[in-house]
Number of protein chains: 4
Amino acid sequence: MTLKTPEEYVESLRKLKPNMYISDEKVSDITTHPLLKPAVNTLKLSYELAMKPEYEDLMTAKSQLTGEKVNRFNHICRSCQDLIKKMDMVRMCSQHTTCILRCTGGEALNAFSIATYEIDQKRGTDYYKRFNEFAKNFQENDLTAAQGMTDVRGDRSLKPHQQPDPDMYLRVVDERSDGIVVRGAKAHISGAPVMHEIFVMPSRTMRKEDRDFAVAFVVPSDAKGLTHVVNTTFREEGKEDDHPFSSKYSSAESFLFFDDVFIPEERVFMCGEHEFSRRLVLAFSTPHRHSRLACSSGITDILTGASALAAEYNGIQNVSHIRDKINELLLMSESYYALGISAATLASKTASGTYMPNILHTNVGKVMTARGLHEAIRLTQDVAGGLVQTVPSSKTYQNKALAERLDKYLKAKDTVPTQHRVRLFRFLQDLTTYGWAGFWLVVSAVGAGSPYGAKLIASREVDLEEKKKLIKRLCGIQE
Amino acid sequence: MTLKTPEEYVESLRKLKPNMYISDEKVSDITTHPLLKPAVNTLKLSYELAMKPEYEDLMTAKSQLTGEKVNRFNHICRSCQDLIKKMDMVRMCSQHTTCILRCTGGEALNAFSIATYEIDQKRGTDYYKRFNEFAKNFQENDLTAAQGMTDVRGDRSLKPHQQPDPDMYLRVVDERSDGIVVRGAKAHISGAPVMHEIFVMPSRTMRKEDRDFAVAFVVPSDAKGLTHVVNTTFREEGKEDDHPFSSKYSSAESFLFFDDVFIPEERVFMCGEHEFSRRLVLAFSTPHRHSRLACSSGITDILTGASALAAEYNGIQNVSHIRDKINELLLMSESYYALGISAATLASKTASGTYMPNILHTNVGKVMTARGLHEAIRLTQDVAGGLVQTVPSSKTYQNKALAERLDKYLKAKDTVPTQHRVRLFRFLQDLTTYGWAGFWLVVSAVGAGSPYGAKLIASREVDLEEKKKLIKRLCGIQE
Amino acid sequence: MTLKTPEEYVESLRKLKPNMYISDEKVSDITTHPLLKPAVNTLKLSYELAMKPEYEDLMTAKSQLTGEKVNRFNHICRSCQDLIKKMDMVRMCSQHTTCILRCTGGEALNAFSIATYEIDQKRGTDYYKRFNEFAKNFQENDLTAAQGMTDVRGDRSLKPHQQPDPDMYLRVVDERSDGIVVRGAKAHISGAPVMHEIFVMPSRTMRKEDRDFAVAFVVPSDAKGLTHVVNTTFREEGKEDDHPFSSKYSSAESFLFFDDVFIPEERVFMCGEHEFSRRLVLAFSTPHRHSRLACSSGITDILTGASALAAEYNGIQNVSHIRDKINELLLMSESYYALGISAATLASKTASGTYMPNILHTNVGKVMTARGLHEAIRLTQDVAGGLVQTVPSSKTYQNKALAERLDKYLKAKDTVPTQHRVRLFRFLQDLTTYGWAGFWLVVSAVGAGSPYGAKLIASREVDLEEKKKLIKRLCGIQE
Amino acid sequence: MTLKTPEEYVESLRKLKPNMYISDEKVSDITTHPLLKPAVNTLKLSYELAMKPEYEDLMTAKSQLTGEKVNRFNHICRSCQDLIKKMDMVRMCSQHTTCILRCTGGEALNAFSIATYEIDQKRGTDYYKRFNEFAKNFQENDLTAAQGMTDVRGDRSLKPHQQPDPDMYLRVVDERSDGIVVRGAKAHISGAPVMHEIFVMPSRTMRKEDRDFAVAFVVPSDAKGLTHVVNTTFREEGKEDDHPFSSKYSSAESFLFFDDVFIPEERVFMCGEHEFSRRLVLAFSTPHRHSRLACSSGITDILTGASALAAEYNGIQNVSHIRDKINELLLMSESYYALGISAATLASKTASGTYMPNILHTNVGKVMTARGLHEAIRLTQDVAGGLVQTVPSSKTYQNKALAERLDKYLKAKDTVPTQHRVRLFRFLQDLTTYGWAGFWLVVSAVGAGSPYGAKLIASREVDLEEKKKLIKRLCGIQE
């Protein structure tokens, strides 16, 4: 049995001693910092749900590495069915927490499983074995990992080796007999503050002249020389009641600085094999965007339910245009999910035996989700109305005279206790305006890569020349 | 071996003696009427493709009724894989002909397979056996059938039995020992002029008081008392060269009048079991809309390829916004297809053992396609430019002086023969303005039911109360 | 009194002897050719309406050149109010005919009034005087003119002087003491077959090396060496009843070939002043796109009314989503009109005293209209339903047996004669599928220039640096 | 000279003694409360700008009541030009502060000027005189007023008099010889905490049985019996640097409770004249939505400039799809503005001589803005990228070691100081995620009424029957 209990997860986090800062202060204990609590809770939930019998099938899988039951977030997908199950797991988790934060670790596992095998095939290296040993241990200890991808990029019109400051992309500064030394930074690393490990890989295709930047490895979150500057979605300590959702479950990201960090050989999975950088990036971004279809669906499910409940509480649930807006939300949610199911069904088996979701449908879906959330929030606010913005803070209710008046005047239908309505609108405020929305609007617009980039990747998967030939046949054009 | 050759299909059509009119004239031979030729060609192609070894897997299937290989259009789907194969077949056929016309017959077979079984279970009737006998013969003879669904509806604010003229919905006017007599009309019946049989079923849910209208059966296209008033997409005899596509492949629809037509008992599959009318409608509309996802994808593939070729011929294929528009077309096409794959993957096995595509995803997809084609045509025209409208007619080229000038001035890139460009733009004109576009814009907007209806059906598949409960849990609202 | 009667207009057309072809046949009399009739009717209507007392204010204006009342289509706008009146006139005319065809002549008058004045100021030429003399005569004789703008462009990645064949842009091939000789072609020239004159100007900015292409002039429609190859929207002679609208009013375009046509000096308004080519193009495209806002509004008014009437005839006018779709159409129509009113209100007075609509708002509006019509047609078809496609042809009704059945089964509400419904749906078919739609979909997508180009022109009118400075101020960024 | 200095405004606020709460604490001095500061600043800016010579024409107007120069926000519009000037003023102010907060007072002045005159005409009352005296004094003292409109509405499926608790709509509970006593609440009253006066009017059309609710008046912000429960956009005291915009300029709203407040006769402008309630609502909502077109334009200007600056700072300003997104923002901004200009140009002169913006175009524009802001924010985030979410807080920089690393790694182009980039992204974060965005997303979606309601009002302005008649004429349908 390799599943950690939620408490064991928290305990394991407590033992970490990262060089981590929130604002200008060093974090002494990850598990007790009030602004990190929502992120710890979120990860913890991934352990809790795996313990529940009703979610066993969804939340756990049998590992082909260990032969044991592992948390499905740490599972390497070996079939279309595995990918469908992952979709269902992520959607379900998102209905609980929006972003469960644990996806990226598993996606990195899948990416390295695919890419290290292919590097070895061509280069005669032994990355795949190294990686599998790491992965086995990772699964057995039910660990979590963040994914360090985005470089800071300096002047974006220049390639890595052209940058005036060579550290603008993370790079190898020394190669030793027992490992490598790396320097640079990785930005916006979701969940990194509450994870055990950090996977690192290039953020773009590297050419020969950029081979020093073609490096990938895994590093403990509290490695020497590694600094976290943390951003949290929940930012208003003491105002938990006014942020009922994001104070309980939400994200935290690290800005990671690597000050000549040593990576022992057995944790290095690519070092200079630049011609595989594109493949590695794709092997990660594809399952990652695939999971985004599931969580976008789960989040839109929440907005759908919240809209429907707001309509009911406001007494307008039978108004035609209100119903239609709720139906539009339903359609959005299902369209993302369907793209994910299709990408799983049409997944490809790579040389390693690991399955990669269909690249085309994954990226078509990604473009849809990037266009959808702002619109979904608009529809939700349209259904719910202005109270989303002005619902009185919980502290207001501590003044009895005010509380009395608010209770009188915020009452809607007789059958709905006023406090239920107030709770719902505070939840809606958290979700669509302050707090959670701040995080998700950006994540939705540009997280997991820009929609324009996704569109390009999708288009590369389509053989346009074949389509032109079809037209020539239909037109009777012979060349 | 139960596959007809294309020639056998044409020969079998020739033997039909329907009471069929185009304009005010009676059609003496379906297979030689110039305005019906594109529809005959289209159906014929479904036989041709089934003969080709490279399409054997896609175009044929092993029937569970006959144990033999049958044209997949006549196959009753008994697995998710069957539904995926159908998607792929229809998309491929649509890339050849846009609408292959043959889908509805197979969809009706699937619908009756599902619904007759369920009626029998509840009512103790023997429709399923009757139907299977019909279906077996249908498969063995590789026949085709149209689907008669849409009633003329008279005053749409009234139910069938409330109509001043009771014939506004097709109905049973007499029940005899050996069969029934029906009266009424069915409108916009795609492909009916070139089919062997017509399936007929109600167009809406029927209540008890409308039981006379809850009737379903199959009738030969040339049955006594049945009149076809035909509409064709290709309408300009003699101008085949200016309609290079729709003059070769396109649709024809019948307005069908039933003047007290006798239907023998063994061809009646529902008669008065009104409580199953909704189920039968759904059992047809679901696979039908599912196929629409495939053909919408195939058609958008054609528009994509034609846009790409026009961009190349015009010398603007590397212009950024042009490429982006072509990519948008790609995304549309794949999104429809993905919804279809998802609906197939999540299909449900009905009591009869026949598989029904996922109703929710099918209808989500249907709404997407209904919103997409007009936009796809706009993008195509935007890429191609004004010549789509003004490309000179083929007859113009018969005047040598004009032809010489046109050749000089319509030349674009040196590497593209001017006549190739002219052919492409005539094809684009046919496809996006005159001819084919006329048919498809409407089909896309309202064919296979209105998008609003599809949205409602989709929304009924979602348990909104469950989603509200989720929100209550997230908000901590306890009742 | 300078207004021609409609009959005088037709008579004046009859006297023209252009070298004009429809298909491979030469047109002997413009006014009697059945396929040109809808275009003649359309122009003629511009004369008829000007005679009606109720439209006098809208259809006529006092010319600053002649001091007399002239048809407003021939008026040079000297105030914001003039531009608003033009908007109202064009919208009203479009409600009668969709495209009244006469706008371009007046827009060219305005363009030359602006640009010739400015050339003279800089170059010391006397184009403005020449032009005014021509314009005065044009107004006094109540003439019409097409606008020859679009060059055939050959390889679009090359500039005019780089083309292998130098005739891909119309150019001066000889300069004589009394005039110039021009060669080349102009494509898609709306209304040219039924106009007295053709204005010609460059289709793009010309650089110094392209000075031979920087030529502008006016030429009689039947000038020696000028050939028209005509495309008509109405194409099915004998099927007027099935195209009730486009057979009565619709467009015709010429492909114009200039085989060394001599243009006398007094009709030349630019010859080599390449640095003014951009200005001239803008001085035309701006009022032209401004008129497009008015006609797009008028056309959408027609689609709105037709949708509303179809909903009423079908008995669904009170259904909520149907009403909403009609309201969306209303909004589209008014948004185009509003952009036009704003562009008129914020018009600029040029050096010549002639007013140019606001370039920014005109082009913002143009982008909106280009995105709108396909969507408007989709909404209309969604409201109206499948009969749009399958409404039986008029000839079908000549068969009494069929007519009887059609009358029975196409009846909807008791209060609406079935023939009224049939007429409406034939009109809808003409307008949204066959016939008119073919023309307008393309015109809407790319007529008056591509929407991408319009967006660029709009963006050039906005001082982005000023907006960045604003942000720096708001952020407290000091440089 | 009737203009207050900014300091005089603040001083006048300080003298108010409202019964006002933020959270559970009573506000002792409006002008010094840290969370109210941004709102005080905003209003104050309306006084500052009016002092600046360069804005004199825009910010001031000559009053027809006093004959003196007044702040244009307090001006009653007596011409189309007045309305255009208002548009320009509001757009300019919004470019400084997004929402200047002062519009509603002036809109209420215009509304009462129109409606009181019309009530008097019909009812023989003397409201117009009363109102003008109030307005004169209001202008002379350069006061500010909020607009109390939205009732809490209780069960929305019930009319006012049907509510179980009669106070769900504000109502008259007593009529005395010298005035009236009112009870109820008004929700989401923008700017109310920092205004001198509150205008109150019904939020909907009142029928005869609801005459007690048909009441309108003006009341000092610190009237006896009036309680403010305040919501502020800026909520994180001490984190001004992380909310560089909303901590300086932003909104505050009051939830207003009227506990039997006495309103002296001379301040009552409607009392029971229910048949004018719809007119009064429209006379307010029209100029209010008209102003919203201007501020939506100004806000989108800010997003446009911020996107352009982010693109420049990131070094991607020449990337084609980035430029296109910025251009789309430009188009949005101008389309709102154009609708406002058109509504001003087509304004109607009411019986009182006061001008009302065109209702149709105002509401068409309102629907556009409600659909636009979420999309504009999406585009801005897409252009700017993930740093919008994760830009380190200002406090982080107080740790020198962190500051050094951040300076190194957040550097982009050599020519842009890193701190400028950081400031810009903090501004973008404030504007599109936390803080300001929270307020504006909701305001945009449902502020100034729901877009659906606006669409209905727009549709009522269009004579659909006239449009149907047009179609009948075009189809030749005679009745």
# chains A, B, ... in the order shown; residues from 1 in each chain; ligands from 1
>>> interface_residues(of="chain C", to="chain D", cutoff="8 Å", atoms="only C-alpha atoms", output="PyMOL selection string")
chain C and resi 95-96+244-245+301-302+304-306+308-309+327+330-331+334-335+338-339+341-343+345+360-361+364-365+420+423-424+427+455-456+458-459+462+464-465+467-472+474-477
>>> select_by_dssp(residues="region 3-169 of chain B", states="helix (DSSP H, G or I)", output="PyMOL selection string")
chain B and resi 6-14+30-32+37-51+53-59+72-74+80-97+103-123+127-140+160-162+166-168
>>> atom_distance(atom1="CA of Met168 (chain C)", atom2="CA of Arg289 (chain C)")
25.1 Å
>>> atom_distance(atom1="CA of Thr300 (chain A)", atom2="CA of His374 (chain A)")
10.7 Å
>>> atom_distance(atom1="CA of Ile316 (chain B)", atom2="CA of Ala448 (chain C)")
19.0 Å
>>> decode(residues="region 144-159 of chain B", atoms="N, CA, C and O atoms", output="mmCIF file, in the first residue's frame")
data_model
loop_
_atom_site.group_PDB
_atom_site.id
_atom_site.type_symbol
_atom_site.label_atom_id
_atom_site.label_comp_id
_atom_site.auth_asym_id
_atom_site.auth_seq_id
_atom_site.Cartn_x
_atom_site.Cartn_y
_atom_site.Cartn_z
ATOM 1 N N THR B 144 -31.501 1.596 -49.721
ATOM 2 C CA THR B 144 -31.382 2.934 -49.131
ATOM 3 C C THR B 144 -32.764 3.393 -48.693
ATOM 4 O O THR B 144 -33.773 2.997 -49.273
ATOM 5 N N ALA B 145 -32.760 4.258 -47.685
ATOM 6 C CA ALA B 145 -34.049 4.766 -47.209
ATOM 7 C C ALA B 145 -33.916 6.212 -46.764
ATOM 8 O O ALA B 145 -32.895 6.601 -46.193
ATOM 9 N N ALA B 146 -34.951 6.978 -47.028
ATOM 10 C CA ALA B 146 -35.030 8.342 -46.493
ATOM 11 C C ALA B 146 -35.790 8.297 -45.169
ATOM 12 O O ALA B 146 -36.409 7.280 -44.833
ATOM 13 N N GLN B 147 -35.730 9.387 -44.467
ATOM 14 C CA GLN B 147 -36.378 9.453 -43.161
ATOM 15 C C GLN B 147 -37.435 10.542 -43.198
ATOM 16 O O GLN B 147 -37.114 11.730 -43.367
ATOM 17 N N GLY B 148 -38.701 10.123 -43.074
ATOM 18 C CA GLY B 148 -39.810 11.080 -43.114
ATOM 19 C C GLY B 148 -40.190 11.505 -41.713
ATOM 20 O O GLY B 148 -40.847 10.756 -40.988
ATOM 21 N N MET B 149 -39.770 12.671 -41.337
ATOM 22 C CA MET B 149 -39.985 13.082 -39.951
ATOM 23 C C MET B 149 -40.815 14.359 -39.843
ATOM 24 O O MET B 149 -41.856 14.366 -39.211
ATOM 25 N N THR B 150 -40.352 15.423 -40.454
ATOM 26 C CA THR B 150 -40.956 16.737 -40.225
ATOM 27 C C THR B 150 -42.395 16.811 -40.728
ATOM 28 O O THR B 150 -42.661 16.688 -41.916
ATOM 29 N N ASP B 151 -43.326 17.034 -39.802
ATOM 30 C CA ASP B 151 -44.708 17.292 -40.197
ATOM 31 C C ASP B 151 -44.856 18.758 -40.609
ATOM 32 O O ASP B 151 -44.006 19.597 -40.273
ATOM 33 N N VAL B 152 -45.938 19.058 -41.314
ATOM 34 C CA VAL B 152 -46.096 20.453 -41.763
ATOM 35 C C VAL B 152 -46.593 21.349 -40.637
ATOM 36 O O VAL B 152 -46.422 22.550 -40.651
ATOM 37 N N ARG B 153 -47.227 20.804 -39.655
ATOM 38 C CA ARG B 153 -47.519 21.444 -38.379
ATOM 39 C C ARG B 153 -48.580 22.530 -38.333
ATOM 40 O O ARG B 153 -48.967 22.967 -37.254
ATOM 41 N N GLY B 154 -49.055 22.987 -39.469
ATOM 42 C CA GLY B 154 -50.150 23.968 -39.460
ATOM 43 C C GLY B 154 -49.870 25.126 -38.529
ATOM 44 O O GLY B 154 -48.843 25.788 -38.648
ATOM 45 N N ASP B 155 -50.776 25.365 -37.608
ATOM 46 C CA ASP B 155 -50.582 26.425 -36.625
ATOM 47 C C ASP B 155 -49.721 25.864 -35.500
ATOM 48 O O ASP B 155 -50.136 25.005 -34.738
ATOM 49 N N ARG B 156 -48.520 26.403 -35.397
ATOM 50 C CA ARG B 156 -47.567 25.772 -34.485
ATOM 51 C C ARG B 156 -47.890 25.983 -33.013
ATOM 52 O O ARG B 156 -47.265 25.386 -32.153
ATOM 53 N N SER B 157 -48.829 26.847 -32.743
ATOM 54 C CA SER B 157 -49.175 27.020 -31.328
ATOM 55 C C SER B 157 -50.206 25.976 -30.884
ATOM 56 O O SER B 157 -50.574 25.930 -29.716
ATOM 57 N N LEU B 158 -50.638 25.132 -31.792
ATOM 58 C CA LEU B 158 -51.642 24.110 -31.461
ATOM 59 C C LEU B 158 -51.035 22.705 -31.521
ATOM 60 O O LEU B 158 -50.139 22.440 -32.324
ATOM 61 N N LYS B 159 -51.540 21.802 -30.684
ATOM 62 C CA LYS B 159 -51.101 20.418 -30.719
ATOM 63 C C LYS B 159 -51.778 19.685 -31.899
ATOM 64 O O LYS B 159 -52.760 20.173 -32.451
#
